[in-house]
Amino acid sequence: MMKRIIAVTVAALALTTARAHAQEVKVGVNLPYTGIGAEFAQLVDRGMELYLKLNADKVRPYKLTLIKRDVKDPGGANAKIAVQELLTQDNVDILAGWIYSPNAIASAPIVSAGKKLAVIMNAGTAHITTMSPYYVRTSFSMWHAGYAMGEAATKLLNAKSAVVGYTDFPPGKDSLAAFKRSFESTGGKVVDEIPMGGAGAVPDFTPFFQRAKDKKPDVFFVFVPAGDHAAAVVKTYAALGMREAGIKLIGPGDITQDTKLQAMGAAAVGLITMHHYHADLDNPENKRFVEAWKKEYGATTTPDFMAVGGYDGMAAIVHVVQTLKGKVDAEKALEALKGWKFASPRGPISIDPVTRDIVMNEYLSEAVMKDGRVFQKVIGKIDGVKDACKEQKIGPCAPK
Amino acid sequence: MIFGVDVASMLLGGVAAGMVLFIVSVGLSVTMGLMGFVNLAHGGFAMLGGYAIAQAMKVWGVGFVPALLLGFVVTAAASVVLERLLYARLYRATELDQVLFTIGLVFMMIASVTLRFGPENQPLALPPMLQGQINLGIIHYRTYSVVLILVGVVIVSGLWLGFERTRIGAQIRAAVDNRRMAESLGINIARLFTITFAFGSGMAALGGGLGAEFLGLDPQYALKYLVYFLIVVAVGGLGRVTGVFYAALLIGVLDFVLKKYVPQGGTAFVYALTILLLLWRPQGLFGAKAT
């Protein structure tokens, strides 16, 4: 009898809370709001908020509440706790965020156990999406840019030899593997691989770059996290006279992150990158996006690829909420996102129904001086690029 | 020839890095030796100084060298205020209290700077004449590294002279060696400490500005290089200008060489070597034996 009373009460309570919150969808956001990643968190956060602000009519009649948790560092442990708390204490309907790959890797078991849609807005290690069936990625895989760059280096830049320098954490190793595979399969040779410290602090790059310079490669492919790492890379490259030594600095767009590019100044000119977004892309969506960004956050600010990851991620979440009429069930949400198409500032994107990873264009760009500012000129474009790691089932990307 | 170039580039890179370590750490060593005060906020003063320098250059268009001097003065003055208001209360406190207080201060510095200037790195543009490469005969090397080494040599000579040849230097040495004896001879330790604290913080600020080219400048600076500063002090010995100098050069060069030839090991080597060294000589390589 007692049991029945309790059961009825619980059911009644569940019913009332369900009714009270029928229109509200809670999104649990995990980002490194403080510490070394604070700048990145701000970019993704602003990207998300900007989408919601510009598209208030697309959200109605539902109410999206963002619950934000600070994950502090790239270590993984704090992110895991934050995600767990979002699920168990805040009872969120959707998870979002993840700047750093180690954080997404550490969170995967919790995400799987929590059975909620989880939108990755930055973390780029290729195999992350295989680690939980609830992960959907609106940012990129390291293989998108790394693999495309390897081929572009041999075919367009006529490079025969390369040195790869990378930050020693999962996406760095991933970027190395991606570049090496396509560079060597198209006739190039990677003559040295240099791990250059961790993601937690910006090292002095001089010894690593000195080593690369001594090897005299045609191109020096560098992956470091965007932001301060990237600014230091470009500075060291210029200071050691590597350009004069005939070594081209190439890499994914992290090294020419829009937010750092103007401060790099002339040192950045000539850098060649493969990436899916930069603020100089010429398409109507991007024009609107950049204009709205500057209006909202100040004329001296600029969005970048991280901001777009947050913006597109929020577009995906709003699409899910509308399709499911505010009742977000994880399995149905995944169905709603498979094959979802969106006109992003980076060009047309879609979610691969098989891998839950993003499909998008890659742009080969060269930094040039134009009207007194550093401008990223698109010199090549590949349409509809999928994550090569999962396409070719390489290493940890192979289905288990 | 190739070998010579290799060695030269390693020495130049390593010594330049060592100079930055020296300039920042010397104040920490002296104040720790003088009062036994564990000031973990020392890196915070380097960071604040760096920001003052970057702001002076960006906002008021001050040149690099005057900005460095300005950073020195501003940070030294700010540190005196903090020393009189806060530090002075903890001189007789336990080491744990001192550590907790100074670490708390670091977090407050980081939070305030983040609030005011944002979390991003502050670009600190060098004057054009310090950029690029310089021809040294056998190799072309980064101009700034060479200049930094020269500046470091000037600073260490000046400090050495001040330490060994002036009255206040003699007082500091006396107080480091035996504080009670120095006090009973009528040396005003509190005043001496305020002066060295201000000077040490000013030097840290100078190091923050001079080193920004290599180490960057963001709010986390206060914590992320603290380990290196502490290693330099531990290896060099407390209160020893020359000891800190040798230790900084040693660690700068070792770190550079190991990173270049065994990048896989990362920074682990330097830490391992420090542990071994301190097991062998707990007072540091150049420190006096503990009494």
# chains A, B, ... in the order shown; residues from 1 in each chain; ligands from 1
>>> residues_around(residues="stretch 92-103 of chain B", least_positions_apart="3", cutoff="6 Å", atoms="only C-alpha atoms", output="PyMOL selection string")
chain B and resi 39-41+106
>>> write_last_selection(atoms="C-alpha atoms", output="PDB file, in the first residue's frame")
ATOM      1  CA  ASN B  39      56.459  34.702  -1.909  1.00  0.00           C
ATOM      2  CA  LEU B  40      54.632  32.636  -4.510  1.00  0.00           C
ATOM      3  CA  ALA B  41      53.066  35.840  -5.854  1.00  0.00           C
ATOM      4  CA  VAL B 106      48.164  35.214  -7.247  1.00  0.00           C
TER       5      VAL B 106
END
>>> closest_atom_pairs(of="chain A", to="chain B", cutoff="7 Å", atoms="only C-alpha atoms", output="JSON lines")
{"residue": "A:Gly35", "atom": "CA", "partner": "B:Gln220", "partner_atom": "CA", "distance": 6.7}
{"residue": "A:Ile36", "atom": "CA", "partner": "B:Gln220", "partner_atom": "CA", "distance": 6.7}
{"residue": "A:Ala38", "atom": "CA", "partner": "B:Pro119", "partner_atom": "CA", "distance": 5.9}
{"residue": "A:Glu39", "atom": "CA", "partner": "B:Pro119", "partner_atom": "CA", "distance": 5.5}
{"residue": "A:Ile194", "atom": "CA", "partner": "B:Pro263", "partner_atom": "CA", "distance": 6.3}
{"residue": "A:Pro195", "atom": "CA", "partner": "B:Pro263", "partner_atom": "CA", "distance": 5.8}
{"residue": "A:Met196", "atom": "CA", "partner": "B:Pro263", "partner_atom": "CA", "distance": 6.5}
{"residue": "A:Gly197", "atom": "CA", "partner": "B:Gly266", "partner_atom": "CA", "distance": 5.7}
{"residue": "A:Ala201", "atom": "CA", "partner": "B:Lys224", "partner_atom": "CA", "distance": 6.7}
{"residue": "A:Pro203", "atom": "CA", "partner": "B:Leu215", "partner_atom": "CA", "distance": 6.8}
{"residue": "A:Asp204", "atom": "CA", "partner": "B:Phe214", "partner_atom": "CA", "distance": 5.3}
{"residue": "A:Pro207", "atom": "CA", "partner": "B:Lys260", "partner_atom": "CA", "distance": 4.8}
{"residue": "A:Phe208", "atom": "CA", "partner": "B:Lys260", "partner_atom": "CA", "distance": 5.4}
{"residue": "A:Arg211", "atom": "CA", "partner": "B:Lys260", "partner_atom": "CA", "distance": 5.8}
{"residue": "A:Asp228", "atom": "CA", "partner": "B:Asn121", "partner_atom": "CA", "distance": 5.9}
{"residue": "A:Ala239", "atom": "CA", "partner": "B:Gly132", "partner_atom": "CA", "distance": 5.2}
{"residue": "A:Leu240", "atom": "CA", "partner": "B:Arg142", "partner_atom": "CA", "distance": 5.7}
{"residue": "A:Gly241", "atom": "CA", "partner": "B:Gln133", "partner_atom": "CA", "distance": 6.7}
{"residue": "A:Ala263", "atom": "CA", "partner": "B:Pro123", "partner_atom": "CA", "distance": 6.6}
>>> atom_distance(atom1="atom CA of A:Glu244", atom2="atom CA of A:Gly227")
25.0 Å
>>> select_by_dssp(residues="stretch 91-159 of chain B", states="strand (DSSP E)", output="list in words")
Gln133, Ile134, Asn135, His140, Tyr141 and Arg142 of chain B
>>> atom_distance(atom1="atom CA of A:Thr154", atom2="atom CA of A:Val219")
9.7 Å
>>> atom_distance(atom1="atom CA of B:Ala248", atom2="atom CA of B:Gly169")
21.1 Å
>>> select_by_dssp(residues="stretch 7-178 of chain A", states="helix (DSSP H, G or I)", output="NGL selection string")
:A and (7-20 or 38-54 or 56-59 or 77-88 or 101-114 or 126-130 or 142-155 or 170-178)
>>> closest_residue(among="A:Gly310, A:Leu52, A:Gly384, A:Ala336", to="A:Gln322", atoms="only C-alpha atoms")
A:Ala336
>>> closest_residue(among="A:Ala333, A:Leu157, A:Ala299, A:Ala104", to="A:Asn122", atoms="only C-alpha atoms")
A:Ala104
>>> residues_around(residues="B:Ser29", least_positions_apart="3", cutoff="7 Å", atoms="only C-alpha atoms", output="PyMOL selection string")
chain B and resi 25-26+32-33+233+238-240
>>> write_last_selection(atoms="N, CA and C atoms", output="CSV table (one decimal), in the first residue's frame")
chain,number,residue,atom,x,y,z
B,25,SER,N,63.8,35.9,-11.5
B,25,SER,CA,64.0,35.2,-10.2
B,25,SER,C,64.8,35.8,-9.2
B,26,VAL,N,65.7,36.8,-9.6
B,26,VAL,CA,66.7,37.3,-8.6
B,26,VAL,C,66.0,37.9,-7.4
B,32,MET,N,63.5,35.8,-0.4
B,32,MET,CA,63.3,34.6,0.4
B,32,MET,C,64.5,34.4,1.3
B,33,GLY,N,65.7,34.7,0.9
B,33,GLY,CA,66.9,34.6,1.7
B,33,GLY,C,66.9,35.5,2.9
B,233,VAL,N,65.6,29.4,-8.1
B,233,VAL,CA,66.0,29.8,-6.8
B,233,VAL,C,66.5,28.7,-6.0
B,238,LEU,N,69.4,30.4,-1.8
B,238,LEU,CA,68.6,31.6,-1.3
B,238,LEU,C,69.6,32.8,-1.1
B,239,GLY,N,69.1,33.9,-1.6
B,239,GLY,CA,69.9,35.2,-1.3
B,239,GLY,C,71.2,35.3,-2.0
B,240,ARG,N,71.4,34.6,-3.1
B,240,ARG,CA,72.7,34.6,-3.8
B,240,ARG,C,72.5,35.2,-5.2
>>> closest_residue(among="A:Lys26, A:His144, A:Lys155, A:Lys189", to="A:Asp383", atoms="only C-alpha atoms")
A:His144
>>> residues_around(residues="stretch 343-359 of chain A", least_positions_apart="5", cutoff="7 Å", atoms="only C-alpha atoms", output="ChimeraX atom specification")
/A:129,136-140,276-277,285-286,289,312,337-338,384-386
>>> write_last_selection(atoms="C-alpha atoms", output="CSV table (one decimal), in the first residue's frame")
chain,number,residue,atom,x,y,z
A,129,THR,CA,32.7,10.8,-32.2
A,136,VAL,CA,27.5,15.0,-32.8
A,137,ARG,CA,30.2,17.4,-34.0
A,138,THR,CA,29.5,20.8,-35.5
A,139,SER,CA,33.2,21.9,-35.5
A,140,PHE,CA,35.7,19.9,-37.4
A,276,HIS,CA,37.0,25.4,-43.0
A,277,TYR,CA,36.6,29.0,-41.8
A,285,GLU,CA,26.0,34.3,-44.6
A,286,ASN,CA,29.5,35.1,-43.5
A,289,PHE,CA,27.6,36.9,-39.4
A,312,ASP,CA,26.5,26.3,-36.0
A,337,LEU,CA,20.4,15.7,-36.9
A,338,LYS,CA,21.4,13.0,-39.3
A,384,GLY,CA,31.9,18.6,-49.1
A,385,VAL,CA,34.9,17.2,-47.2
A,386,LYS,CA,34.2,14.4,-44.8
>>> residues_around(residues="B:Leu273", least_positions_apart="6", cutoff="10 Å", atoms="only C-alpha atoms", output="ChimeraX atom specification")
/B:251,254,279
